[in-house]
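Chemist: Starting off with a structure, shown below.
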Amino acid sequence: MSRASNGRNRIHRATMASEAVDAALSWKAKLGYATFSLSYVMQTMIVTWQMFYFTTFLNVSMAVTAVLIATGKIVASVIGPVWGYISDRMYHNALGRRFGRRRSILIFAIPANFVFYLLLWIPNLPIAVYFFANLLYWAFFAGITTVQYGLPSEMTENPSQRAQLVGVNQIAGAIGGTFLSVLNVYLFTIWGKDNWESYFNMALLYGILGTAVLMLGFLSIQERPFSESTNVSAADGASGDGSAAHISVGKRLVSVVWNFLSVLKVKEFRNYLGLYLSEEMFRTVRGTLNTYFVIFVLLLDPQTVSLATGVNLLFGIACVGFFIWITAKIGGPRAYRLGGIEVIFVFLAMFALAMTASHIPTGTRAVLYIGLGLFMNFGITGVVNATQYTYTFIPDVDEIITSKRREGQYAAINSTIDDIFSSAETIVIGLVLEATGFVEGAQSQPPQTVFALACLFSFVPIVICLVGIAFTYRLKLNRENHELLLDEIDRLRSGGSMAEVTPETRTLVESLTGMPYEQCWGHNNVINVTHKG
């Protein structure tokens, strides 16, 4: 076959793939993607109750528990780029070609995630068992989150369809969280709240449900059709035909590390990270401390934690539709600021409630806490929606740089950097509470510990949220610029010349990528460190 014929075939395949990812997604595919968030009933159980369970029923010290949890997240952060690297290149083996780049990862990650999750809730095991079970849980959970983060950009290039995926994802997460929280209230009533069996039985129930919905997602999600832009290994420089088979283990490790570091060269991705890390960090602080804040600062019971979480998440479902509309109307950065400012005021109100809790009747405290939680969840919904919507554009910026699709790479980086920062947060929180005299297994805490809990819960998220708001002023990628970017990508995919770029497009591409236009579309070493341009 002639070189010209090969070129026409590549252009035809690129055109067909572009049309496929621009078409409307079926509801089966959208609901399939939503199962990832529904499965987070397992993760919610971990975030809400693991530290409390370990320190209260397993008699593990606060410092050891904090280190154990943080170490697991660190492992996830290290292995995340490996999952991204592998999943982007899965078309080079029979499993990936049969099931797809992303779905083939789930074949291994889903069952392993369930087994190691369950081990964390079995009592009277050696600390070493909990330690390694926690490591492996987070390691395989990183594989699942890598797939989840990458799918909106993988499944469609249509901004409206991506917005719907982000919205469906949030609604599913709220439904899953509401189900867990409301059911927990009932389960605590019939099983009790002061024995380890209740927490183990709940963990087992949610583990089975979470794994079942993930399997449904495996059968339902949609992946980008194969084209030259999905053949990332062709840019690895292994051989003339792009085969990855001839890359040595040492070179693969170098490539994994380089692909992790090189994405940080992308200007718009660095700006996006400011939003993402701020959003994840202030929610991590709130999630880690929420149970302690309610029980030891507001002097309410565990059922209130579950009831408030359920009511707030249910309210969040109604907020998603509003923020899907407002984010599309005013853009991700402005929607982020709207939600973030509202959250800051609610945290200030939470601190005021904490300082006056001892003078307020128990029922009134519970109502005020749940009511403030509703307002907080409105703002959090906006911040999360704006962040996730903004992220779906980032792999498109990467494609104008590399001429390839690397959703897995960016999904892994998201997860990795988040795990690094949240691990540091967990360690710091544990050490601070230990330093203030936190007593494991106690029904109440010393006054200085109560005050430290109130300050950590209220003011640390406020500072982090302000950092995220500052980064919204640096972002350039709005809906109009994204359409212009996609037009340029389609033109180059179809064989267009880089020399024919318009001045407007050149300026946009350079502002998003942080590099000269001539160094884009694969004329760089972003994927392959040995490539000279």
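For the structure tokens, the naming scheme is as follows: chains receive sequential letters (A, B, ...) according to their order of presentation, residues are indexed from 1 within each chain, and ligands are indexed from 1 in presentation order.
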So that I can check the surroundings of range 264-268 of chain A, please list as a list of chain:residue names every protein, DNA and RNA residue that reaches within 9 Å of it, counting only C-alpha atoms and ignoring chain neighbours fewer than 5 positions away.

Modeler: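 Using only C-alpha atoms, the neighbours found are A:Leu273, A:Ile394, A:Val397, A:Asp398, A:Ile401, A:Arg474, A:Leu475, A:Lys476, A:Leu477, A:Ser511, A:Leu512, A:Thr513, A:Gly514, A:Met515, A:Val526.
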
Chemist: Name the residues in contact with range 365-375 of chain A at a cut-off of 8 Å, using only C-alpha atoms, excluding same-chain residues fewer than 6 positions from it; report them as a PDB file with all heavy atoms, in the first residue's frame.

Modeler:
ATOM      1  N   LEU A 298     -19.514  19.233  69.098  1.00  0.00           N
ATOM      2  CA  LEU A 298     -20.933  19.569  69.189  1.00  0.00           C
ATOM      3  C   LEU A 298     -21.683  18.659  70.159  1.00  0.00           C
ATOM      4  O   LEU A 298     -22.862  18.891  70.445  1.00  0.00           O
ATOM      5  CB  LEU A 298     -21.583  19.491  67.804  1.00  0.00           C
ATOM      6  CG  LEU A 298     -21.026  20.439  66.743  1.00  0.00           C
ATOM      7  CD1 LEU A 298     -21.844  20.335  65.462  1.00  0.00           C
ATOM      8  CD2 LEU A 298     -20.997  21.877  67.242  1.00  0.00           C
ATOM      9  N   LEU A 300     -22.869  15.616  69.878  1.00  0.00           N
ATOM     10  CA  LEU A 300     -23.989  14.884  69.290  1.00  0.00           C
ATOM     11  C   LEU A 300     -23.581  13.422  69.099  1.00  0.00           C
ATOM     12  O   LEU A 300     -22.415  13.063  69.276  1.00  0.00           O
ATOM     13  CB  LEU A 300     -24.400  15.535  67.968  1.00  0.00           C
ATOM     14  CG  LEU A 300     -24.838  17.001  68.072  1.00  0.00           C
ATOM     15  CD1 LEU A 300     -25.026  17.610  66.681  1.00  0.00           C
ATOM     16  CD2 LEU A 300     -26.117  17.141  68.892  1.00  0.00           C
ATOM     17  N   THR A 304     -26.389  11.230  64.309  1.00  0.00           N
ATOM     18  CA  THR A 304     -26.485  12.573  63.751  1.00  0.00           C
ATOM     19  C   THR A 304     -25.513  12.749  62.593  1.00  0.00           C
ATOM     20  O   THR A 304     -25.822  13.417  61.606  1.00  0.00           O
ATOM     21  CB  THR A 304     -26.205  13.628  64.836  1.00  0.00           C
ATOM     22  OG1 THR A 304     -27.109  13.436  65.920  1.00  0.00           O
ATOM     23  CG2 THR A 304     -26.370  15.036  64.277  1.00  0.00           C
ATOM     24  N   ALA A 308     -27.143  13.675  59.110  1.00  0.00           N
ATOM     25  CA  ALA A 308     -26.753  14.939  58.493  1.00  0.00           C
ATOM     26  C   ALA A 308     -26.118  14.706  57.129  1.00  0.00           C
ATOM     27  O   ALA A 308     -26.419  15.416  56.163  1.00  0.00           O
ATOM     28  CB  ALA A 308     -25.776  15.679  59.405  1.00  0.00           C
ATOM     29  N   VAL A 311     -28.972  13.789  54.653  1.00  0.00           N
ATOM     30  CA  VAL A 311     -29.809  14.935  54.288  1.00  0.00           C
ATOM     31  C   VAL A 311     -29.039  15.893  53.384  1.00  0.00           C
ATOM     32  O   VAL A 311     -29.559  16.386  52.382  1.00  0.00           O
ATOM     33  CB  VAL A 311     -30.306  15.658  55.550  1.00  0.00           C
ATOM     34  CG1 VAL A 311     -30.996  16.969  55.188  1.00  0.00           C
ATOM     35  CG2 VAL A 311     -31.257  14.759  56.334  1.00  0.00           C
ATOM     36  N   ASN A 312     -27.774  16.149  53.737  1.00  0.00           N
ATOM     37  CA  ASN A 312     -26.967  17.087  52.958  1.00  0.00           C
ATOM     38  C   ASN A 312     -26.722  16.586  51.544  1.00  0.00           C
ATOM     39  O   ASN A 312     -26.793  17.342  50.572  1.00  0.00           O
ATOM     40  CB  ASN A 312     -25.632  17.328  53.659  1.00  0.00           C
ATOM     41  CG  ASN A 312     -25.795  18.075  54.965  1.00  0.00           C
ATOM     42  OD1 ASN A 312     -26.818  18.708  55.205  1.00  0.00           O
ATOM     43  ND2 ASN A 312     -24.791  17.985  55.824  1.00  0.00           N
ATOM     44  N   PHE A 315     -29.837  16.895  49.467  1.00  0.00           N
ATOM     45  CA  PHE A 315     -29.987  18.279  49.031  1.00  0.00           C
ATOM     46  C   PHE A 315     -29.019  18.585  47.890  1.00  0.00           C
ATOM     47  O   PHE A 315     -29.330  19.333  46.961  1.00  0.00           O
ATOM     48  CB  PHE A 315     -29.729  19.217  50.207  1.00  0.00           C
ATOM     49  CG  PHE A 315     -29.767  20.675  49.855  1.00  0.00           C
ATOM     50  CD1 PHE A 315     -30.960  21.306  49.529  1.00  0.00           C
ATOM     51  CD2 PHE A 315     -28.603  21.426  49.853  1.00  0.00           C
ATOM     52  CE1 PHE A 315     -30.997  22.656  49.221  1.00  0.00           C
ATOM     53  CE2 PHE A 315     -28.622  22.772  49.539  1.00  0.00           C
ATOM     54  CZ  PHE A 315     -29.825  23.393  49.223  1.00  0.00           C
ATOM     55  N   GLY A 316     -27.823  17.971  47.957  1.00  0.00           N
ATOM     56  CA  GLY A 316     -26.824  18.180  46.907  1.00  0.00           C
ATOM     57  C   GLY A 316     -27.303  17.717  45.545  1.00  0.00           C
ATOM     58  O   GLY A 316     -26.899  18.280  44.515  1.00  0.00           O
ATOM     59  N   GLU A 342     -19.345  30.843  49.286  1.00  0.00           N
ATOM     60  CA  GLU A 342     -20.462  30.399  50.126  1.00  0.00           C
ATOM     61  C   GLU A 342     -19.972  29.413  51.194  1.00  0.00           C
ATOM     62  O   GLU A 342     -20.378  29.484  52.362  1.00  0.00           O
ATOM     63  CB  GLU A 342     -21.545  29.768  49.237  1.00  0.00           C
ATOM     64  CG  GLU A 342     -22.905  29.685  49.884  1.00  0.00           C
ATOM     65  CD  GLU A 342     -23.188  28.317  50.469  1.00  0.00           C
ATOM     66  OE1 GLU A 342     -22.319  27.433  50.343  1.00  0.00           O
ATOM     67  OE2 GLU A 342     -24.256  28.150  51.052  1.00  0.00           O
ATOM     68  N   VAL A 343     -19.066  28.508  50.803  1.00  0.00           N
ATOM     69  CA  VAL A 343     -18.512  27.525  51.743  1.00  0.00           C
ATOM     70  C   VAL A 343     -17.752  28.217  52.874  1.00  0.00           C
ATOM     71  O   VAL A 343     -17.839  27.816  54.042  1.00  0.00           O
ATOM     72  CB  VAL A 343     -17.584  26.543  50.983  1.00  0.00           C
ATOM     73  CG1 VAL A 343     -16.660  25.810  51.949  1.00  0.00           C
ATOM     74  CG2 VAL A 343     -18.415  25.530  50.203  1.00  0.00           C
ATOM     75  N   VAL A 346     -20.027  29.449  55.539  1.00  0.00           N
ATOM     76  CA  VAL A 346     -20.622  28.371  56.331  1.00  0.00           C
ATOM     77  C   VAL A 346     -19.619  27.834  57.357  1.00  0.00           C
ATOM     78  O   VAL A 346     -19.985  27.542  58.502  1.00  0.00           O
ATOM     79  CB  VAL A 346     -21.126  27.236  55.420  1.00  0.00           C
ATOM     80  CG1 VAL A 346     -21.644  26.069  56.266  1.00  0.00           C
ATOM     81  CG2 VAL A 346     -22.234  27.729  54.505  1.00  0.00           C
ATOM     82  N   ALA A 349     -19.648  30.030  60.241  1.00  0.00           N
ATOM     83  CA  ALA A 349     -20.840  29.784  61.055  1.00  0.00           C
ATOM     84  C   ALA A 349     -20.685  28.502  61.885  1.00  0.00           C
ATOM     85  O   ALA A 349     -21.132  28.432  63.038  1.00  0.00           O
ATOM     86  CB  ALA A 349     -22.076  29.693  60.158  1.00  0.00           C
ATOM     87  N   MET A 350     -20.035  27.467  61.308  1.00  0.00           N
ATOM     88  CA  MET A 350     -19.781  26.231  62.049  1.00  0.00           C
ATOM     89  C   MET A 350     -18.898  26.500  63.269  1.00  0.00           C
ATOM     90  O   MET A 350     -19.107  25.929  64.350  1.00  0.00           O
ATOM     91  CB  MET A 350     -19.106  25.202  61.133  1.00  0.00           C
ATOM     92  CG  MET A 350     -20.039  24.531  60.153  1.00  0.00           C
ATOM     93  SD  MET A 350     -21.093  23.306  60.960  1.00  0.00           S
ATOM     94  CE  MET A 350     -21.777  22.463  59.516  1.00  0.00           C
ATOM     95  N   LEU A 353     -20.962  28.066  65.949  1.00  0.00           N
ATOM     96  CA  LEU A 353     -21.789  27.037  66.596  1.00  0.00           C
ATOM     97  C   LEU A 353     -20.957  26.228  67.586  1.00  0.00           C
ATOM     98  O   LEU A 353     -21.414  25.921  68.687  1.00  0.00           O
ATOM     99  CB  LEU A 353     -22.404  26.122  65.531  1.00  0.00           C
ATOM    100  CG  LEU A 353     -23.233  24.941  66.055  1.00  0.00           C
ATOM    101  CD1 LEU A 353     -24.441  25.434  66.848  1.00  0.00           C
ATOM    102  CD2 LEU A 353     -23.692  24.059  64.884  1.00  0.00           C
ATOM    103  N   ALA A 357     -21.717  25.758  71.585  1.00  0.00           N
ATOM    104  CA  ALA A 357     -22.441  24.480  71.627  1.00  0.00           C
ATOM    105  C   ALA A 357     -22.924  24.131  73.028  1.00  0.00           C
ATOM    106  O   ALA A 357     -24.037  23.624  73.211  1.00  0.00           O
ATOM    107  CB  ALA A 357     -21.556  23.364  71.084  1.00  0.00           C
TER     108      ALA A 357
END

Chemist: Which residue out of A:Gly496, A:Gly340, A:Gly143, A:Gly176 has the minimum interatomic distance to Ile110 in chain A when only C-alpha atoms are used?

Modeler: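 Closest residue, counting only C-alpha atoms: A:Gly143.
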
Chemist: Using only C-alpha atoms, can you tell me which of A:Ile144, A:Gly441, A:Asn385, A:Ser26 comes closest to Phe57 in chain A?

Modeler: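 The closest residue to Phe57 in chain A is A:Gly441.
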
Chemist: Which residues are near Trp83 in chain A? Cut-off 9 Å, only C-alpha atoms, ignore same chain within fewer than 2 positions. Put them as a list in words.

Modeler: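 The neighbour list is Ile79, Gly80, Pro81, Tyr85, Ile86, Ser87, Asp88, Ile105, Ala142, Gly143, Thr146, Val147, Gly408, Gln409 and Ala412 of chain A.
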
Chemist: Restricting the calculation to only C-alpha atoms: of A:Ser358, A:Gln50, A:Thr472, A:Thr156, which residue gets closest to Leu68 in chain A?

Modeler: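 When distances to Leu68 in chain A are compared using only C-alpha atoms, the smallest one comes from A:Gln50.
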
Chemist: With distances taken over only C-alpha atoms, which residue among A:Phe351, A:Phe296, A:Phe99, A:Phe421 lies nearest Gln448 in chain A?

Modeler: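 Looking only at the distances to Gln448 in chain A, the closest residue turns out to be A:Phe296.
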
Chemist: I'd like the interatomic distance between CA of Arg506 in chain A and CA of Arg493 in chain A, to a tenth of an Å.

Modeler: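 Distance between the two atoms: 16.4 Å.
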
Chemist: I'd like the interatomic distance between CA of Ala112 in chain A and CA of Gly150 in chain A, to a tenth of an Å.

Modeler: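 Those two atoms sit 20.5 Å apart.
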
Chemist: Using only C-alpha atoms for the distances, tell me which of A:Ala203, A:Ala94, A:Met155, A:Leu119 is nearest to Thr48 in chain A.

Modeler: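 Closest to Thr48 in chain A, using only C-alpha atoms: A:Ala203.
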
Chemist: Near Ser37 in chain A, counting only C-alpha atoms, which residues have an atom at most 10 Å away, once you skip same-chain residues fewer than 3 positions from it, shown as a list in words?

Modeler: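 Counting only the stated atoms, we get Tyr33, Ala34, Tyr40, Val41, Met42, Gln43, Thr145, Gln148, Val168, Asn169, Gln170, Ile171, Ala172, Gly173, Ala174, Ile175, Gly176, Gly177, Gly210, Val213 and Leu214 of chain A.
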
Chemist: Check range 102-251 of chain A with DSSP on the backbone and list each residue it calls alpha helix (DSSP H), as a PyMOL selection string.

Modeler: chain A and resi 103-119+127-155+159-191+196-220+249-251

Chemist: What is the distance, in Å and to one decimal place, between CA of Val509 in chain A and CA of Gly332 in chain A?

Modeler: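 The value is 19.1 Å.
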
Chemist: Pick the closest to Ala163 in chain A from A:Val257, A:Leu219, A:Cys465, A:Ala386: which is it, counting only C-alpha atoms?

Modeler: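 Nearest candidate to Ala163 in chain A out of A:Val257, A:Leu219, A:Cys465, A:Ala386: A:Ala386.
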